[in-house]
Every structure is written in structure tokens, then in C-alpha cells.
$ cat structure.cif   # mmCIF, C-alpha atoms
data_input
loop_
_atom_site.group_PDB
_atom_site.id
_atom_site.type_symbol
_atom_site.label_atom_id
_atom_site.label_comp_id
_atom_site.auth_asym_id
_atom_site.auth_seq_id
_atom_site.Cartn_x
_atom_site.Cartn_y
_atom_site.Cartn_z
ATOM 1 C CA ASP N 1369 -1.974 0.695 15.278
ATOM 2 C CA SER N 1370 -3.324 -1.286 12.307
ATOM 3 C CA GLY N 1371 -3.178 -4.633 14.102
ATOM 4 C CA VAL N 1372 -0.807 -6.098 11.506
ATOM 5 C CA THR N 1373 2.512 -7.150 13.061
ATOM 6 C CA GLN N 1374 5.729 -7.524 11.111
ATOM 7 C CA THR N 1375 9.034 -8.825 12.394
ATOM 8 C CA PRO N 1376 11.830 -8.005 12.402
ATOM 9 C CA LYS N 1377 11.649 -4.221 12.030
ATOM 10 C CA HIS N 1378 15.164 -4.003 10.617
ATOM 11 C CA LEU N 1379 17.389 -6.548 8.941
ATOM 12 C CA ILE N 1380 20.942 -6.066 7.725
ATOM 13 C CA THR N 1381 22.537 -8.870 5.784
ATOM 14 C CA ALA N 1382 25.110 -9.560 3.108
ATOM 15 C CA THR N 1383 24.695 -10.329 -0.567
ATOM 16 C CA GLY N 1384 23.992 -13.964 -1.311
ATOM 17 C CA GLN N 1385 22.283 -14.577 2.014
ATOM 18 C CA ARG N 1386 18.727 -15.727 2.732
ATOM 19 C CA VAL N 1387 16.255 -14.057 5.079
ATOM 20 C CA THR N 1388 12.705 -14.671 6.284
ATOM 21 C CA LEU N 1389 10.241 -11.900 7.020
ATOM 22 C CA ARG N 1390 7.234 -12.637 9.177
ATOM 23 C CA CYS N 1391 3.743 -11.173 9.237
ATOM 24 C CA SER N 1392 0.822 -11.676 11.606
ATOM 25 C CA PRO N 1393 -2.410 -10.334 10.096
ATOM 26 C CA ARG N 1394 -5.182 -8.554 12.009
ATOM 27 C CA SER N 1395 -7.351 -10.869 14.034
ATOM 28 C CA GLY N 1396 -9.973 -12.385 11.733
ATOM 29 C CA ASP N 1397 -8.305 -11.331 8.476
ATOM 30 C CA LEU N 1398 -7.895 -14.238 6.082
ATOM 31 C CA SER N 1399 -6.081 -12.475 3.261
ATOM 32 C CA VAL N 1400 -2.432 -11.404 3.367
ATOM 33 C CA TYR N 1401 -0.577 -9.298 0.820
ATOM 34 C CA TRP N 1402 3.156 -8.612 0.497
ATOM 35 C CA TYR N 1403 4.527 -5.405 -1.027
ATOM 36 C CA GLN N 1404 7.999 -4.074 -1.690
ATOM 37 C CA GLN N 1405 8.662 -0.345 -1.453
ATOM 38 C CA SER N 1406 11.868 1.219 -2.683
ATOM 39 C CA LEU N 1407 12.600 4.910 -3.183
ATOM 40 C CA ASP N 1408 12.243 4.935 -6.937
ATOM 41 C CA GLN N 1409 9.592 2.245 -7.401
ATOM 42 C CA GLY N 1410 6.758 3.026 -5.037
ATOM 43 C CA LEU N 1411 4.685 0.172 -3.633
ATOM 44 C CA GLN N 1412 5.124 -2.936 -5.764
ATOM 45 C CA PHE N 1413 2.772 -5.868 -5.258
ATOM 46 C CA LEU N 1414 4.544 -9.171 -4.706
ATOM 47 C CA ILE N 1415 2.018 -11.836 -3.751
ATOM 48 C CA GLN N 1416 -1.365 -12.460 -2.110
ATOM 49 C CA TYR N 1417 -2.647 -15.342 -0.003
ATOM 50 C CA TYR N 1418 -6.169 -16.103 1.102
ATOM 51 C CA ASN N 1419 -6.745 -18.634 3.877
ATOM 52 C CA GLY N 1420 -3.532 -20.461 3.099
ATOM 53 C CA GLU N 1421 -3.812 -20.487 -0.667
ATOM 54 C CA GLU N 1422 -1.916 -18.338 -3.132
ATOM 55 C CA ARG N 1423 -4.400 -16.089 -4.953
ATOM 56 C CA ALA N 1424 -2.377 -13.630 -6.998
ATOM 57 C CA LYS N 1425 1.202 -12.949 -7.975
ATOM 58 C CA GLY N 1426 2.739 -9.664 -8.937
ATOM 59 C CA ASN N 1427 6.300 -8.840 -9.869
ATOM 60 C CA ILE N 1428 7.811 -11.339 -7.473
ATOM 61 C CA LEU N 1429 11.273 -12.608 -8.325
ATOM 62 C CA GLU N 1430 11.939 -16.348 -8.514
ATOM 63 C CA ARG N 1431 14.418 -15.888 -5.658
ATOM 64 C CA PHE N 1432 11.489 -14.824 -3.470
ATOM 65 C CA SER N 1433 8.820 -17.118 -2.097
ATOM 66 C CA ALA N 1434 6.060 -16.888 0.458
ATOM 67 C CA GLN N 1435 3.533 -18.980 2.285
ATOM 68 C CA GLN N 1436 0.589 -18.567 4.617
ATOM 69 C CA PHE N 1437 0.302 -21.014 7.488
ATOM 70 C CA PRO N 1438 -2.832 -22.588 9.053
ATOM 71 C CA ASP N 1439 -2.764 -19.991 11.844
ATOM 72 C CA LEU N 1440 -2.862 -17.366 9.020
ATOM 73 C CA HIS N 1441 0.516 -15.837 9.684
ATOM 74 C CA SER N 1442 2.680 -15.457 6.606
ATOM 75 C CA GLU N 1443 6.362 -15.561 5.805
ATOM 76 C CA LEU N 1444 8.246 -14.037 2.895
ATOM 77 C CA ASN N 1445 11.525 -15.731 2.058
ATOM 78 C CA LEU N 1446 14.170 -13.836 0.127
ATOM 79 C CA SER N 1447 17.225 -15.763 -1.083
ATOM 80 C CA SER N 1448 20.446 -15.080 -2.986
ATOM 81 C CA LEU N 1449 20.065 -11.493 -1.891
ATOM 82 C CA GLU N 1450 21.358 -8.687 -4.072
ATOM 83 C CA LEU N 1451 22.064 -5.049 -3.263
ATOM 84 C CA GLY N 1452 18.960 -4.081 -5.216
ATOM 85 C CA ASP N 1453 16.751 -6.058 -2.844
ATOM 86 C CA SER N 1454 17.310 -3.418 -0.177
ATOM 87 C CA ALA N 1455 13.870 -1.963 0.452
ATOM 88 C CA LEU N 1456 10.948 -1.773 2.834
ATOM 89 C CA TYR N 1457 8.797 -4.891 2.754
ATOM 90 C CA PHE N 1458 5.208 -4.447 3.843
ATOM 91 C CA CYS N 1459 2.579 -6.953 4.754
ATOM 92 C CA ALA N 1460 -1.106 -6.033 4.630
ATOM 93 C CA SER N 1461 -4.244 -7.932 5.530
ATOM 94 C CA THR N 1462 -7.967 -7.805 4.810
ATOM 95 C CA PRO N 1463 -10.901 -9.856 6.080
ATOM 96 C CA ALA N 1464 -12.052 -10.589 2.532
ATOM 97 C CA PRO N 1465 -11.158 -9.680 -1.039
ATOM 98 C CA GLY N 1466 -12.505 -6.276 -1.984
ATOM 99 C CA SER N 1467 -12.030 -4.852 1.499
ATOM 100 C CA PRO N 1468 -9.364 -2.184 1.979
ATOM 101 C CA LEU N 1469 -5.893 -3.284 3.055
ATOM 102 C CA HIS N 1470 -4.451 -2.587 6.473
ATOM 103 C CA PHE N 1471 -0.667 -2.401 6.518
ATOM 104 C CA GLY N 1472 1.966 -3.266 9.058
ATOM 105 C CA ASN N 1473 4.917 -0.962 9.661
ATOM 106 C CA GLY N 1474 7.200 -3.002 7.454
ATOM 107 C CA THR N 1475 10.584 -4.645 7.630
ATOM 108 C CA ARG N 1476 13.487 -2.527 6.445
ATOM 109 C CA LEU N 1477 15.963 -4.781 4.669
ATOM 110 C CA THR N 1478 19.474 -3.580 3.970
ATOM 111 C CA VAL N 1479 21.719 -5.780 1.847
ATOM 112 C CA THR N 1480 25.420 -4.878 2.053
ATOM 113 C CA GLN E 851 1.253 3.980 -19.693
ATOM 114 C CA LYS E 852 0.838 3.181 -16.000
ATOM 115 C CA GLU E 853 -2.595 2.041 -14.853
ATOM 116 C CA VAL E 854 -2.564 4.683 -12.115
ATOM 117 C CA GLU E 855 -0.854 8.056 -12.474
ATOM 118 C CA GLN E 856 -0.107 10.280 -9.501
ATOM 119 C CA ASP E 857 2.084 13.372 -9.421
ATOM 120 C CA PRO E 858 4.909 12.609 -6.968
ATOM 121 C CA GLY E 859 5.303 16.271 -6.013
ATOM 122 C CA PRO E 860 6.756 17.391 -3.724
ATOM 123 C CA LEU E 861 3.915 19.717 -2.749
ATOM 124 C CA SER E 862 4.473 22.395 -0.134
ATOM 125 C CA VAL E 863 1.659 24.606 1.205
ATOM 126 C CA PRO E 864 1.161 26.915 4.207
ATOM 127 C CA GLU E 865 -0.760 25.790 7.262
ATOM 128 C CA GLY E 866 -4.500 26.312 6.888
ATOM 129 C CA ALA E 867 -4.515 25.958 3.112
ATOM 130 C CA ILE E 868 -6.804 23.614 1.204
ATOM 131 C CA VAL E 869 -4.816 20.798 -0.364
ATOM 132 C CA SER E 870 -5.885 18.963 -3.498
ATOM 133 C CA LEU E 871 -4.299 15.637 -4.393
ATOM 134 C CA ASN E 872 -5.218 13.795 -7.566
ATOM 135 C CA CYS E 873 -4.862 10.530 -9.448
ATOM 136 C CA THR E 874 -5.932 9.401 -12.870
ATOM 137 C CA TYR E 875 -6.386 5.841 -14.008
ATOM 138 C CA SER E 876 -6.854 3.959 -17.238
ATOM 139 C CA ASN E 877 -8.518 0.695 -16.202
ATOM 140 C CA SER E 878 -12.296 1.087 -16.246
ATOM 141 C CA ALA E 879 -12.658 -2.148 -14.240
ATOM 142 C CA PHE E 880 -11.516 -0.428 -11.043
ATOM 143 C CA GLN E 881 -14.420 -0.406 -8.598
ATOM 144 C CA TYR E 882 -12.946 0.584 -5.239
ATOM 145 C CA PHE E 883 -10.914 3.689 -4.540
ATOM 146 C CA MET E 884 -8.740 4.408 -1.548
ATOM 147 C CA TRP E 885 -6.436 7.029 -0.165
ATOM 148 C CA TYR E 886 -3.608 6.121 2.178
ATOM 149 C CA ARG E 887 -1.346 8.360 4.235
ATOM 150 C CA GLN E 888 2.209 7.236 4.895
ATOM 151 C CA TYR E 889 4.483 8.865 7.415
ATOM 152 C CA SER E 890 8.216 8.373 7.079
ATOM 153 C CA ARG E 891 9.335 4.858 8.047
ATOM 154 C CA LYS E 892 5.741 3.760 8.741
ATOM 155 C CA GLY E 893 3.238 1.632 6.888
ATOM 156 C CA PRO E 894 0.489 3.218 4.779
ATOM 157 C CA GLU E 895 -2.582 4.097 6.845
ATOM 158 C CA LEU E 896 -6.047 3.935 5.279
ATOM 159 C CA LEU E 897 -7.681 7.369 5.150
ATOM 160 C CA MET E 898 -10.642 7.033 2.817
ATOM 161 C CA TYR E 899 -12.404 4.167 1.034
ATOM 162 C CA THR E 900 -15.083 4.723 -1.586
ATOM 163 C CA TYR E 901 -16.960 2.590 -4.050
ATOM 164 C CA SER E 902 -19.076 4.846 -6.171
ATOM 165 C CA SER E 903 -18.690 8.129 -7.993
ATOM 166 C CA GLY E 904 -19.310 11.219 -5.915
ATOM 167 C CA ASN E 905 -17.976 12.689 -2.713
ATOM 168 C CA LYS E 906 -17.258 11.169 0.676
ATOM 169 C CA GLU E 907 -16.393 13.349 3.633
ATOM 170 C CA ASP E 908 -14.629 12.445 6.870
ATOM 171 C CA GLY E 909 -13.700 15.382 9.066
ATOM 172 C CA ARG E 910 -11.243 17.596 7.196
ATOM 173 C CA PHE E 911 -10.861 15.052 4.377
ATOM 174 C CA THR E 912 -13.050 14.722 1.296
ATOM 175 C CA ALA E 913 -12.567 12.009 -1.324
ATOM 176 C CA GLN E 914 -14.026 12.577 -4.758
ATOM 177 C CA VAL E 915 -14.421 9.983 -7.502
ATOM 178 C CA ASP E 916 -15.339 10.700 -11.106
ATOM 179 C CA LYS E 917 -15.550 7.373 -12.897
ATOM 180 C CA SER E 918 -16.546 8.947 -16.208
ATOM 181 C CA SER E 919 -13.272 10.894 -16.271
ATOM 182 C CA LYS E 920 -11.268 8.180 -14.478
ATOM 183 C CA TYR E 921 -10.135 10.754 -11.944
ATOM 184 C CA ILE E 922 -10.034 10.735 -8.161
ATOM 185 C CA SER E 923 -9.158 13.471 -5.706
ATOM 186 C CA LEU E 924 -8.478 13.950 -2.027
ATOM 187 C CA PHE E 925 -9.089 17.357 -0.482
ATOM 188 C CA ILE E 926 -7.671 18.348 2.880
ATOM 189 C CA ARG E 927 -9.235 21.395 4.520
ATOM 190 C CA ASP E 928 -7.545 23.522 7.185
ATOM 191 C CA SER E 929 -4.286 21.662 6.614
ATOM 192 C CA GLN E 930 -2.041 21.094 9.633
ATOM 193 C CA PRO E 931 1.700 20.414 9.921
ATOM 194 C CA SER E 932 0.743 16.926 11.142
ATOM 195 C CA ASP E 933 -0.744 16.277 7.677
ATOM 196 C CA SER E 934 2.787 16.345 6.252
ATOM 197 C CA ALA E 935 3.231 12.866 4.780
ATOM 198 C CA THR E 936 3.149 10.961 1.523
ATOM 199 C CA TYR E 937 -0.359 10.346 0.195
ATOM 200 C CA LEU E 938 -0.995 7.327 -1.987
ATOM 201 C CA CYS E 939 -4.055 6.688 -4.045
ATOM 202 C CA ALA E 940 -5.052 3.086 -4.645
ATOM 203 C CA MET E 941 -7.728 1.397 -6.650
ATOM 204 C CA SER E 942 -8.885 -2.140 -7.044
ATOM 205 C CA ALA E 943 -10.946 -4.448 -9.165
ATOM 206 C CA TRP E 944 -12.311 -7.804 -8.135
ATOM 207 C CA GLY E 945 -12.427 -10.661 -10.564
ATOM 208 C CA GLN E 946 -11.423 -14.286 -11.198
ATOM 209 C CA GLY E 947 -11.175 -14.974 -7.493
ATOM 210 C CA ALA E 948 -8.591 -12.321 -6.796
ATOM 211 C CA GLN E 949 -8.405 -8.641 -6.053
ATOM 212 C CA LYS E 950 -6.162 -6.524 -8.243
ATOM 213 C CA LEU E 951 -4.977 -3.555 -6.260
ATOM 214 C CA VAL E 952 -2.813 -0.871 -7.814
ATOM 215 C CA PHE E 953 -1.159 2.026 -6.005
ATOM 216 C CA GLY E 954 -0.131 5.399 -7.322
ATOM 217 C CA GLN E 955 3.446 6.563 -6.876
ATOM 218 C CA GLY E 956 2.488 8.760 -3.916
ATOM 219 C CA THR E 957 2.572 12.553 -3.483
ATOM 220 C CA ARG E 958 4.894 13.953 -0.839
ATOM 221 C CA LEU E 959 3.094 16.770 0.992
ATOM 222 C CA THR E 960 4.614 19.291 3.394
ATOM 223 C CA ILE E 961 2.480 21.707 5.418
ATOM 224 C CA ASN E 962 4.535 24.688 6.558
ATOM 225 C CA PRO E 963 3.650 26.310 9.935
#
$ encode --input "structure.cif" --output "C-alpha cells"
Amino acid sequence: DSGVTQTPKHLITATGQRVTLRCSPRSGDLSVYWYQQSLDQGLQFLIQYYNGEERAKGNILERFSAQQFPDLHSELNLSSLELGDSALYFCASTPAPGSPLHFGNGTRLTVT
Amino acid sequence: QKEVEQDPGPLSVPEGAIVSLNCTYSNSAFQYFMWYRQYSRKGPELLMYTYSSGNKEDGRFTAQVDKSSKYISLFIRDSQPSDSATYLCAMSAWGQGAQKLVFGQGTRLTINP
């Protein structure tokens, strides 16, 4: 168990809908990363937060947004969902930049 | 050209064999090198973390980094069926207040009993 908790484990929703994925980092970790993993794309970096502030952005769509709260948990919001958004979404945390990432078990999103 | 190249496999070997997994990279700014193991429907699990060129050993696993050739390897000795998973290399560089972390595509490994 990595100590990173993601909820929900599975999510099935329809196109056009909006969902929120939640992540609780390991105790003491200030940095949170979000990744998307689909079969043909591998792990794609979406966004990073450090102690509540956005630090880096990857290939995150404008329909997607995230935030990190004062208690350090993070939420990833996905809106106007499309079939192609179906994927595994992983959250990872580290105590400080440069340290290795520890991943949660992901949220499997299915858009129908 | 991708910053990190990793053969996706699949790779299938008999139990007890030595497995060699490799990645090449193009960005000389990468300073930290990692190997993750990912079982089906699970999150990636950190296996090895190295900073410098050379070898690092942990039980049956050895990570090797050659910065001059921009090449990293993971060796698994006495492979077991429980080692069957996807192995991802990852490397990172720190700069401008942020860490850039890039993953390889992952190599799917099957160890046959």
C-alpha cells in the first residue's frame, strides 16, 4: 500500500457529463501529481501541485481542471466528457520535488 | 523523437531466467532515474531509484545507469511468475521550481512457470 488514496475506484458516466476525482496524498507529502493512462498512450502527465500551488502543467485539456486544498488533498475535475476521456487516472505524491513519486491505485473512468 | 524510449514488448521468458529491460533517453538534463512495476489494474509501484551512473542492487533487482550513453537498464535475476507485470522506466530533471518527470511506454513482461 503506497499510502496514496484515490476515490472512487470506478466511475461510469455519459458523454457531456462532469466528474470529480479525489486524491489524498501520503501523510507529509506536499506535492501531488495527476496522470492519465490509456491503453495506447502510456502514462501522460496532466498537472502538478505543491502545497496548494500549481507548479507544472502537462498535456491537460481545457475541459480538465484541478486544485489542491489546504489539507493537501487534491481533486481533478473533468467536464464535457468525451468517449476518448475513458482511461485510468492516477494521482501520485512526493514529500518534495526531486523525490520519487508514489502512486495510488487510480480511478477507472468509463464514458459511455 | 520521444524523450524516453522503451520497447513495449511483450517479453516472455521462462521462470528462473535473467530479464533485461532497457530505456534510452535524449534529454541530458535528466538527473534521477526510476523503475516502476505495474500490475494489471493497479498503480505503478516504485522499484528502484537512482541518481548517479553505475549500478544499484536491491535483492533480485539491479538498476544500471549509463549517463554517457543515455541508457538505463533493469535486471531481474531468478525471475518468478510473480514478476509478471508491466515495467516502466521514468526519469526526471529538476529546474525552474518544478520537477519534469517523463515515463517510458512500459514493457509488458510475462514469466512462464
$ resolve_selection --input "structure.cif" --expression "the PyMOL selection byres ((chain N) within 6 of (chain E))" --output "count of residues only"
6
$ atom_distance --input "structure.cif" --atom1 "atom CA of Val1479 of chain N" --atom2 "atom CA of Leu1449 of chain N"
7.0 Å
$ residues_around --input "structure.cif" --residues "Ile1428 of chain N" --least-positions-apart "5" --cutoff "10 Å" --atoms "all atoms listed in the file" --output "list of chain:residue names"
N:Trp1402, N:Tyr1403, N:Gln1404, N:Gln1412, N:Phe1413, N:Leu1414, N:Ile1415, N:Ser1433, N:Ala1434
$ resolve_selection --input "structure.cif" --expression "the PyMOL selection byres ((chain N and resi 1478) around 9)" --output "PyMOL selection string"
chain N and resi 1378-1382+1451+1453-1456+1476-1477+1479-1480
$ resolve_selection --input "structure.cif" --expression "the PyMOL selection byres ((chain N and resi 1371) around 10)" --output "NGL selection string"
:N and (1369-1370 or 1372-1374 or 1392-1395 or 1460-1461 or 1470-1473)
$ residues_around --input "structure.cif" --residues "Lys920 of chain E" --least-positions-apart "5" --cutoff "12 Å" --atoms "all atoms listed in the file" --output "PyMOL selection string"
chain E and resi 853-855+872-881+883+902-903+914-915+941
$ atom_distance --input "structure.cif" --atom1 "atom CA of Phe911 of chain E" --atom2 "atom CA of Leu1469 of chain N"
19.0 Å
$ atom_distance --input "structure.cif" --atom1 "atom CA of Asp1397 of chain N" --atom2 "atom CA of Pro1376 of chain N"
20.8 Å
